$ cat target_34.cif   # mmCIF, C-alpha atoms
data_query
loop_
_atom_site.label_atom_id
_atom_site.label_comp_id
_atom_site.auth_asym_id
_atom_site.auth_seq_id
_atom_site.Cartn_x
_atom_site.Cartn_y
_atom_site.Cartn_z
CA MET K 1 -33.02 -279.78 -123.95
CA VAL K 2 -32.02 -277.13 -126.52
CA VAL K 3 -34.25 -276.63 -129.54
CA ALA K 4 -32.17 -275.17 -132.37
CA HIS K 5 -33.17 -272.94 -135.27
CA PRO K 6 -32.68 -275.26 -138.29
CA ASP K 7 -31.93 -272.59 -140.90
CA GLN K 8 -29.34 -270.83 -138.74
CA VAL K 9 -27.69 -274.13 -137.77
CA LYS K 10 -27.52 -275.02 -141.46
CA LEU K 11 -25.69 -271.77 -142.20
CA THR K 12 -23.38 -272.12 -139.21
CA ALA K 13 -22.40 -275.75 -139.82
CA ALA K 14 -22.54 -275.91 -143.62
CA SER K 15 -20.57 -278.78 -145.12
CA LEU K 16 -20.18 -280.41 -148.51
CA VAL K 17 -20.20 -283.87 -146.92
CA LYS K 18 -23.42 -284.52 -145.04
CA THR K 19 -23.93 -287.64 -142.97
CA ASP K 20 -25.71 -288.28 -139.69
CA GLN K 21 -22.39 -288.83 -137.92
CA ARG K 22 -20.88 -285.56 -139.17
CA ALA K 23 -24.08 -283.66 -138.34
CA THR K 24 -24.00 -285.09 -134.80
CA PHE K 25 -20.40 -283.97 -134.27
CA ALA K 26 -21.16 -280.52 -135.68
CA LEU K 27 -24.11 -280.07 -133.32
CA ALA K 28 -22.04 -281.34 -130.39
CA ARG K 29 -19.26 -278.81 -131.12
CA LEU K 30 -21.76 -275.97 -131.38
CA LEU K 31 -23.43 -277.01 -128.13
CA ALA K 32 -20.11 -277.28 -126.32
CA ALA K 33 -19.17 -273.78 -127.48
CA ASN K 34 -22.64 -272.46 -126.54
CA LEU K 35 -23.18 -271.42 -130.17
CA VAL K 36 -26.43 -273.25 -130.88
CA PRO K 37 -28.98 -270.70 -132.21
CA ALA K 38 -31.89 -271.68 -129.98
CA VAL K 39 -35.57 -270.97 -130.61
CA TRP K 40 -38.36 -270.20 -128.21
CA VAL K 41 -40.18 -273.26 -126.87
CA PRO K 42 -43.83 -272.29 -126.33
CA PRO K 43 -45.49 -273.17 -123.01
CA VAL K 44 -48.31 -275.69 -122.71
CA ALA K 45 -51.11 -273.12 -123.07
CA VAL K 46 -49.67 -271.84 -126.36
CA ARG K 47 -49.13 -275.35 -127.71
CA GLU K 48 -52.73 -276.29 -126.91
CA LEU K 49 -53.96 -273.21 -128.73
CA ARG K 50 -51.80 -273.99 -131.77
CA ALA K 51 -53.13 -277.55 -131.78
CA LEU K 52 -56.61 -276.08 -132.33
CA ILE K 53 -55.74 -273.26 -134.75
CA ALA K 54 -53.85 -275.48 -137.21
CA PRO K 55 -56.64 -278.11 -137.67
CA ARG K 56 -59.21 -275.37 -138.12
CA GLN K 57 -57.07 -273.80 -140.85
CA ARG K 58 -56.91 -277.15 -142.66
CA LEU K 59 -60.69 -277.52 -142.44
CA VAL K 60 -61.54 -273.97 -143.49
CA ALA K 61 -58.94 -273.52 -146.26
CA PRO K 62 -60.82 -275.56 -148.94
CA GLN K 63 -64.08 -273.71 -148.36
CA PRO K 64 -63.15 -270.37 -150.01
CA ALA K 65 -61.79 -272.22 -153.05
CA ALA K 66 -65.07 -274.11 -153.52
CA GLN K 67 -67.11 -270.97 -152.90
CA ASN K 68 -65.09 -269.13 -155.55
CA ARG K 69 -65.56 -271.90 -158.12
CA LEU K 70 -69.31 -272.22 -157.68
CA PRO K 71 -70.25 -268.65 -158.85
CA SER K 72 -68.16 -269.21 -161.99
CA LEU K 73 -70.71 -271.83 -163.06
CA LEU K 74 -73.31 -269.04 -163.22
CA HIS K 75 -71.35 -266.70 -165.49
CA ARG K 76 -71.53 -268.54 -168.82
CA PRO K 77 -75.32 -269.25 -168.75
CA HIS K 78 -75.91 -265.73 -167.31
CA ILE K 79 -77.78 -267.01 -164.26
CA VAL K 80 -78.58 -264.35 -161.67
CA PRO K 81 -78.08 -265.70 -158.12
CA PRO K 82 -80.70 -265.04 -155.44
CA ALA K 83 -80.21 -262.40 -152.77
CA GLY K 84 -78.73 -263.28 -149.42
CA LYS K 85 -76.03 -265.74 -148.46
CA LEU K 86 -75.39 -267.76 -151.58
CA PHE K 87 -74.14 -270.89 -149.82
CA SER K 88 -76.62 -271.07 -146.96
CA ALA K 89 -78.82 -274.12 -146.42
CA ALA K 90 -81.85 -272.14 -147.67
CA HIS K 91 -80.29 -271.87 -151.14
CA ARG K 92 -79.04 -275.46 -151.41
CA THR K 93 -82.16 -276.59 -153.31
CA TRP K 94 -81.74 -273.67 -155.74
CA TRP K 95 -78.20 -274.80 -156.53
CA GLN K 96 -79.26 -278.42 -157.07
CA ASN K 97 -82.09 -277.45 -159.46
CA LEU K 98 -79.96 -275.32 -161.80
CA ALA K 99 -80.29 -276.15 -165.51
CA LEU K 100 -76.66 -277.04 -166.33
CA ASP K 101 -75.02 -279.55 -168.65
CA SER K 102 -73.69 -282.85 -167.32
CA SER K 103 -70.07 -281.75 -166.78
CA GLN K 104 -71.14 -278.60 -164.94
CA LYS K 105 -73.60 -280.64 -162.84
CA LEU K 106 -70.70 -282.91 -161.87
CA ARG K 107 -68.52 -279.95 -160.82
CA LEU K 108 -71.43 -278.41 -158.95
CA GLY K 109 -72.14 -281.59 -157.00
CA GLN K 110 -68.49 -282.09 -156.06
CA ASP K 111 -68.04 -278.50 -154.84
CA LEU K 112 -71.26 -278.59 -152.83
CA ALA K 113 -70.26 -281.92 -151.32
CA SER K 114 -66.87 -280.47 -150.32
CA LEU K 115 -68.62 -277.82 -148.22
CA ASP K 116 -70.94 -280.16 -146.34
CA PRO K 117 -68.58 -282.23 -144.16
CA LEU K 118 -66.25 -279.31 -143.37
CA ALA K 119 -68.63 -276.94 -141.63
CA PRO K 120 -69.67 -279.27 -138.73
CA ARG K 121 -66.06 -280.23 -138.00
CA SER K 122 -64.82 -276.63 -138.07
CA ASP K 123 -67.73 -275.68 -135.78
CA GLU K 124 -66.57 -278.28 -133.26
CA VAL K 125 -63.09 -276.76 -133.26
CA GLU K 126 -64.51 -273.26 -132.83
CA VAL K 127 -66.53 -274.39 -129.80
CA GLU K 128 -63.32 -275.59 -128.17
CA LEU K 129 -61.57 -272.34 -129.14
CA ALA K 130 -64.40 -270.43 -127.49
CA ARG K 131 -63.72 -272.39 -124.32
CA GLN K 132 -59.98 -271.73 -124.55
CA ARG K 133 -60.30 -267.98 -124.95
CA VAL K 134 -61.99 -267.60 -121.56
CA THR K 135 -59.33 -269.53 -119.68
CA ALA K 136 -57.03 -267.75 -117.26
CA ALA K 137 -54.12 -267.79 -119.73
CA TRP K 138 -55.90 -265.61 -122.32
CA ALA K 139 -58.96 -264.00 -120.73
CA ASP K 140 -57.24 -260.79 -119.63
CA GLN K 141 -55.65 -260.12 -123.03
CA GLY K 142 -58.86 -260.50 -125.04
CA PRO K 143 -60.25 -256.94 -124.75
CA TRP K 144 -56.90 -255.33 -125.62
CA LEU K 145 -56.83 -257.30 -128.86
CA THR K 146 -60.44 -257.43 -129.96
CA HIS K 147 -61.02 -253.69 -129.62
CA LEU K 148 -58.83 -253.17 -132.70
CA PRO K 149 -60.67 -253.09 -136.07
CA GLY K 150 -60.53 -256.31 -138.05
CA LEU K 151 -59.54 -258.34 -135.00
CA GLY K 152 -62.27 -260.75 -134.04
CA LEU K 153 -61.94 -263.32 -131.30
CA LEU K 154 -60.56 -266.00 -133.65
CA ARG K 155 -57.86 -263.75 -135.13
CA ALA K 156 -56.97 -262.59 -131.63
CA LEU K 157 -56.41 -266.20 -130.59
CA THR K 158 -54.33 -266.77 -133.73
CA ARG K 159 -52.04 -263.94 -132.67
CA LEU K 160 -51.76 -265.28 -129.14
CA SER K 161 -51.02 -268.79 -130.38
CA ALA K 162 -48.30 -267.52 -132.71
CA SER K 163 -46.24 -265.33 -130.39
CA GLY K 164 -47.46 -266.16 -126.89
CA ASP K 165 -46.66 -263.65 -124.14
CA ILE K 166 -46.13 -260.16 -125.57
CA GLN K 167 -43.28 -259.61 -123.08
CA ARG K 168 -41.13 -261.74 -125.37
CA CYS K 169 -41.12 -258.77 -127.78
CA PRO K 170 -39.46 -255.79 -126.05
CA THR K 171 -40.36 -253.44 -128.92
CA ALA K 172 -43.05 -253.23 -131.58
CA LYS K 173 -40.38 -253.85 -134.24
CA LYS K 174 -39.64 -257.23 -132.67
CA LEU K 175 -43.28 -258.27 -132.99
CA VAL K 176 -43.40 -257.03 -136.60
CA GLY K 177 -40.23 -258.96 -137.37
CA TYR K 178 -41.55 -262.12 -135.70
CA ALA K 179 -44.62 -261.90 -137.92
CA GLY K 180 -42.42 -261.58 -141.02
CA ARG K 181 -43.75 -258.11 -141.84
CA GLY K 182 -40.43 -256.29 -141.46
CA ALA K 183 -38.58 -255.09 -144.54
CA ARG K 184 -35.79 -257.23 -145.99
CA ILE K 185 -32.72 -254.99 -146.43
CA PRO K 186 -29.87 -256.70 -148.32
CA ALA K 187 -26.57 -254.98 -147.51
CA CYS K 188 -23.04 -255.38 -148.83
CA GLY K 189 -20.39 -252.89 -147.77
CA GLN K 190 -21.81 -249.43 -148.30
CA THR K 191 -24.69 -250.70 -150.45
CA HIS K 192 -28.10 -251.07 -148.84
CA ARG K 193 -31.25 -251.96 -150.75
CA ALA K 194 -34.79 -252.03 -149.38
CA GLY K 195 -36.67 -255.19 -150.28
CA GLY K 196 -40.06 -256.72 -149.57
CA SER K 197 -41.27 -258.38 -146.39
CA THR K 198 -39.05 -261.04 -144.87
CA LYS K 199 -41.99 -263.47 -144.53
CA GLN K 200 -40.23 -265.20 -141.64
CA GLY K 201 -41.86 -266.39 -138.45
CA ARG K 202 -45.33 -267.86 -138.07
CA ARG K 203 -47.25 -268.05 -141.33
CA GLU K 204 -50.69 -268.05 -139.70
CA LEU K 205 -49.85 -264.78 -137.95
CA ARG K 206 -49.02 -263.11 -141.28
CA LEU K 207 -52.22 -264.36 -142.91
CA ALA K 208 -54.37 -263.31 -139.95
CA ARG K 209 -52.82 -259.83 -140.02
CA VAL K 210 -53.57 -259.32 -143.72
CA GLU K 211 -57.14 -260.59 -143.26
CA ALA K 212 -57.59 -258.17 -140.35
CA ALA K 213 -56.17 -255.34 -142.48
CA TRP K 214 -58.69 -255.96 -145.29
CA ILE K 215 -61.59 -256.08 -142.82
CA ALA K 216 -60.36 -252.88 -141.15
CA VAL K 217 -60.20 -251.14 -144.53
CA GLN K 218 -63.74 -252.27 -145.40
CA THR K 219 -65.38 -251.44 -142.07
CA ASP K 220 -63.43 -248.63 -140.41
CA PRO K 221 -63.41 -245.07 -141.89
CA HIS K 222 -59.98 -244.25 -140.47
CA TRP K 223 -58.26 -247.25 -142.03
CA GLN K 224 -60.22 -246.81 -145.23
CA ALA K 225 -58.83 -243.28 -145.56
CA ARG K 226 -55.35 -244.53 -144.68
CA CYS K 227 -55.58 -247.19 -147.39
CA GLU K 228 -56.58 -244.58 -149.98
CA GLN K 229 -53.53 -242.51 -149.05
CA LEU K 230 -51.25 -245.51 -149.44
CA THR K 231 -52.74 -246.66 -152.75
CA ALA K 232 -51.79 -243.29 -154.24
CA ARG K 233 -48.17 -244.52 -154.30
CA LEU K 234 -48.43 -248.27 -153.68
CA GLU K 235 -50.32 -251.19 -155.13
CA ARG K 236 -53.40 -252.18 -153.16
CA GLN K 237 -51.83 -255.43 -151.97
CA GLN K 238 -48.78 -253.55 -150.72
CA ALA K 239 -51.05 -251.07 -148.97
CA SER K 240 -52.80 -253.91 -147.13
CA VAL K 241 -49.43 -255.23 -145.93
CA ALA K 242 -48.51 -251.75 -144.67
CA ILE K 243 -51.79 -251.52 -142.77
CA ALA K 244 -51.26 -255.02 -141.36
CA ARG K 245 -47.91 -253.83 -140.01
CA LYS K 246 -49.53 -250.77 -138.40
CA LEU K 247 -52.16 -252.99 -136.78
CA LEU K 248 -49.39 -255.16 -135.35
CA VAL K 249 -47.83 -252.06 -133.81
CA GLY K 250 -51.24 -251.26 -132.31
CA VAL K 251 -51.45 -254.79 -130.89
CA TRP K 252 -48.05 -254.38 -129.21
CA HIS K 253 -48.95 -251.03 -127.65
CA GLY K 254 -52.35 -252.32 -126.53
CA LEU K 255 -50.92 -255.37 -124.76
CA THR K 256 -47.78 -253.79 -123.28
CA ALA K 257 -48.99 -250.33 -122.28
CA GLN K 258 -52.63 -251.38 -121.69
CA VAL K 259 -53.92 -248.47 -123.78
CA ALA K 260 -56.76 -248.51 -126.28
CA ASP K 261 -56.53 -247.44 -129.89
CA ARG K 262 -57.51 -243.78 -130.25
CA GLN K 263 -59.41 -244.59 -133.46
CA ALA K 264 -61.46 -247.45 -131.96
CA ALA K 265 -65.24 -247.17 -132.40
CA ALA K 266 -66.84 -247.72 -129.00
CA ASP K 267 -70.09 -249.18 -130.37
CA LYS K 268 -68.26 -251.82 -132.44
CA VAL K 269 -66.04 -252.69 -129.50
CA ALA K 270 -69.12 -253.07 -127.28
CA GLY K 271 -70.64 -255.42 -129.87
CA LYS K 272 -67.52 -257.61 -129.80
CA LEU K 273 -67.53 -257.65 -126.00
CA ARG K 274 -71.17 -258.65 -126.00
CA VAL K 275 -70.40 -261.65 -128.22
CA TRP K 276 -67.37 -262.47 -126.09
CA SER K 277 -69.53 -262.59 -122.95
CA TRP K 278 -71.69 -265.33 -124.47
CA ASP K 279 -68.78 -267.79 -124.18
CA ARG K 280 -68.64 -267.24 -120.42
CA ASP K 281 -70.95 -268.49 -117.73
CA ASP K 282 -71.88 -266.34 -114.73
CA ASP K 283 -68.81 -267.42 -112.75
CA ARG K 284 -66.39 -266.55 -115.54
CA ARG K 285 -68.12 -263.20 -116.03
CA GLY K 286 -67.48 -262.52 -112.35
CA GLY K 287 -71.21 -262.40 -111.59
CA LEU K 288 -71.76 -259.64 -114.16
CA LYS K 289 -74.60 -259.63 -116.63
CA THR K 290 -73.86 -259.24 -120.32
CA ARG K 291 -74.60 -255.51 -120.38
CA GLN K 292 -72.47 -255.04 -117.24
CA PHE K 293 -69.68 -257.17 -118.69
CA SER K 294 -69.53 -254.94 -121.77
CA ARG K 295 -69.38 -251.78 -119.67
CA TYR K 296 -66.74 -253.28 -117.38
CA HIS K 297 -64.30 -253.82 -120.25
CA LEU K 298 -65.20 -250.53 -121.89
CA LEU K 299 -64.15 -248.85 -118.64
CA ARG K 300 -60.90 -250.81 -118.67
CA LEU K 301 -60.27 -249.69 -122.24
CA GLY K 302 -61.31 -246.12 -121.52
CA LEU K 303 -63.89 -246.14 -124.34
CA GLY K 304 -67.57 -245.33 -124.73
CA HIS K 305 -68.17 -243.17 -121.67
CA ASP K 306 -71.29 -241.72 -123.30
CA LEU K 307 -72.40 -244.97 -124.95
CA ARG K 308 -75.79 -246.11 -123.65
CA HIS K 309 -76.78 -248.81 -126.14
CA ILE K 310 -75.74 -250.53 -129.36
CA GLU K 311 -77.90 -251.68 -132.26
CA PRO K 312 -76.54 -254.96 -133.70
CA GLY K 313 -78.80 -256.04 -136.54
CA GLY K 314 -81.14 -253.10 -135.87
CA ALA K 315 -82.12 -254.30 -132.37
CA LYS K 316 -81.31 -251.99 -129.46
CA ARG K 317 -79.16 -253.60 -126.75
CA LEU K 318 -78.51 -251.65 -123.57
CA ILE K 319 -75.10 -251.10 -122.01
CA ALA K 320 -75.03 -250.82 -118.23
CA PRO K 321 -74.32 -247.34 -116.80
CA ALA K 322 -70.80 -246.74 -115.57
CA ALA K 323 -71.99 -246.00 -112.01
CA GLU K 324 -73.69 -249.41 -111.82
CA VAL K 325 -70.51 -251.26 -112.77
CA LEU K 326 -68.25 -249.08 -110.63
CA ALA K 327 -70.42 -249.94 -107.62
CA LEU K 328 -69.77 -253.62 -108.32
CA ARG K 329 -66.11 -253.18 -109.31
CA PRO K 330 -64.72 -250.33 -107.19
CA GLU K 331 -61.16 -251.16 -108.33
CA LEU K 332 -62.02 -249.38 -111.61
CA GLN K 333 -62.59 -246.10 -109.80
CA PRO K 334 -60.16 -243.47 -111.09
CA ALA K 335 -57.43 -242.56 -108.62
CA THR K 336 -57.93 -239.22 -106.89
#
$ encode --input "target_34.cif" --output "structure tokens"
Amino acid sequence: MVVAHPDQVKLTAASLVKTDQRATFALARLLAANLVPAVWVPPVAVRELRALIAPRQRLVAPQPAAQNRLPSLLHRPHIVPPAGKLFSAAHRTWWQNLALDSSQKLRLGQDLASLDPLAPRSDEVEVELARQRVTAAWADQGPWLTHLPGLGLLRALTRLSASGDIQRCPTAKKLVGYAGRGARIPACGQTHRAGGSTKQGRRELRLARVEAAWIAVQTDPHWQARCEQLTARLERQQASVAIARKLLVGVWHGLTAQVADRQAAADKVAGKLRVWSWDRDDDRRGGLKTRQFSRYHLLRLGLGHDLRHIEPGGAKRLIAPAAEVLALRPELQPAT
């Protein structure tokens, strides 16, 4: 079976008269001449991952809208919200006891109700995603993705579900183009004009890249400085797209050349690896403990040689010494 690219077929076989019979003959002629613009058919593992990413997006998408509307109810009466997470269960009673008029009470109740049924269902999907990311198809690629700033485990799976095996993209430009982050350059004769992003390819990959870029700008000093340089000549939204493109290039180099980002912070990477180990039982960790699992992948990435512990949430968590892990995994010993 040949799966055709619909837009390119439409351009190739354009006709003023469109019927099912004519379309069938046009496709048959293209197929006979081997001119059907085919698309990539993802394997089973990629399709299963997409079948989880898409429902989660549908469940999570309404939540930010409701969470943006609810604080607007506080502006007109000048109500100061409490400290902490505004939409946590601890603050639900505070929301329900606000002194608002009847129409605002109605809006408040509807927005709060829209949050309640979504969280449990999205949590169920995330549990299954956690199981998927430790399967043989994706386990080895996880550290090379999650060590980049702004790329959590969920966004890493979104990238894998969008483009599949990185070997499909022989260059970083191919991956950028597949994500729709390449520049559109209209050309006619000797005239060439630079345009905006093409916005082709997988939409979820583009959105995940921009989200990762904003998180990288907010949490990583290197990307924060890079964003400030870009905003001197670009709008902030354009700067975020430029950073998203650079992160995609980093993803390609990380997966193809198996090299870590030079700007990666070892302590933050170790924290991500620690969380990643929680989704694995002892067998899937290869018999390693959590602190050994973190050191094992830090050695693979070539990061954190002097890192002894991390402090997530202010609590000190030890990282196993390199010698301890090398004794258990001698294949990581540097070649002499």
$ resolve_selection --input "target_34.cif" --expression "the PyMOL selection byres ((chain K and resi 207-210) around 8)" --output "list in words"
Arg155, Thr158, Arg159, Arg203, Glu204, Leu205, Arg206, Glu211, Ala212, Ala213, Trp214, Ser240, Val241, Ala244, Arg245, Leu247 and Leu248 of chain K
$ atom_distance --input "target_34.cif" --atom1 "CA of Leu160 in chain K" --atom2 "CA of Val46 in chain K"
7.4 Å
$ atom_distance --input "target_34.cif" --atom1 "CA of Leu273 in chain K" --atom2 "CA of Arg308 in chain K"
14.4 Å
$ resolve_selection --input "target_34.cif" --expression "the PyMOL selection byres ((chain K and resi 1-5) around 8)" --output "MDAnalysis selection string"
chainID K and resid 6:9 36:41
$ closest_residue --input "target_34.cif" --among "K:Ala45, K:Thr12, K:Ile215, K:His297" --to "Leu30 in chain K" --atoms "only C-alpha atoms"
K:Thr12
$ atom_distance --input "target_34.cif" --atom1 "CA of Arg317 in chain K" --atom2 "CA of Leu86 in chain K"
28.8 Å
$ closest_residue --input "target_34.cif" --among "K:Ile319, K:Leu74, K:Arg133, K:Ala13" --to "Ala28 in chain K" --atoms "all atoms listed in the file"
K:Ala13
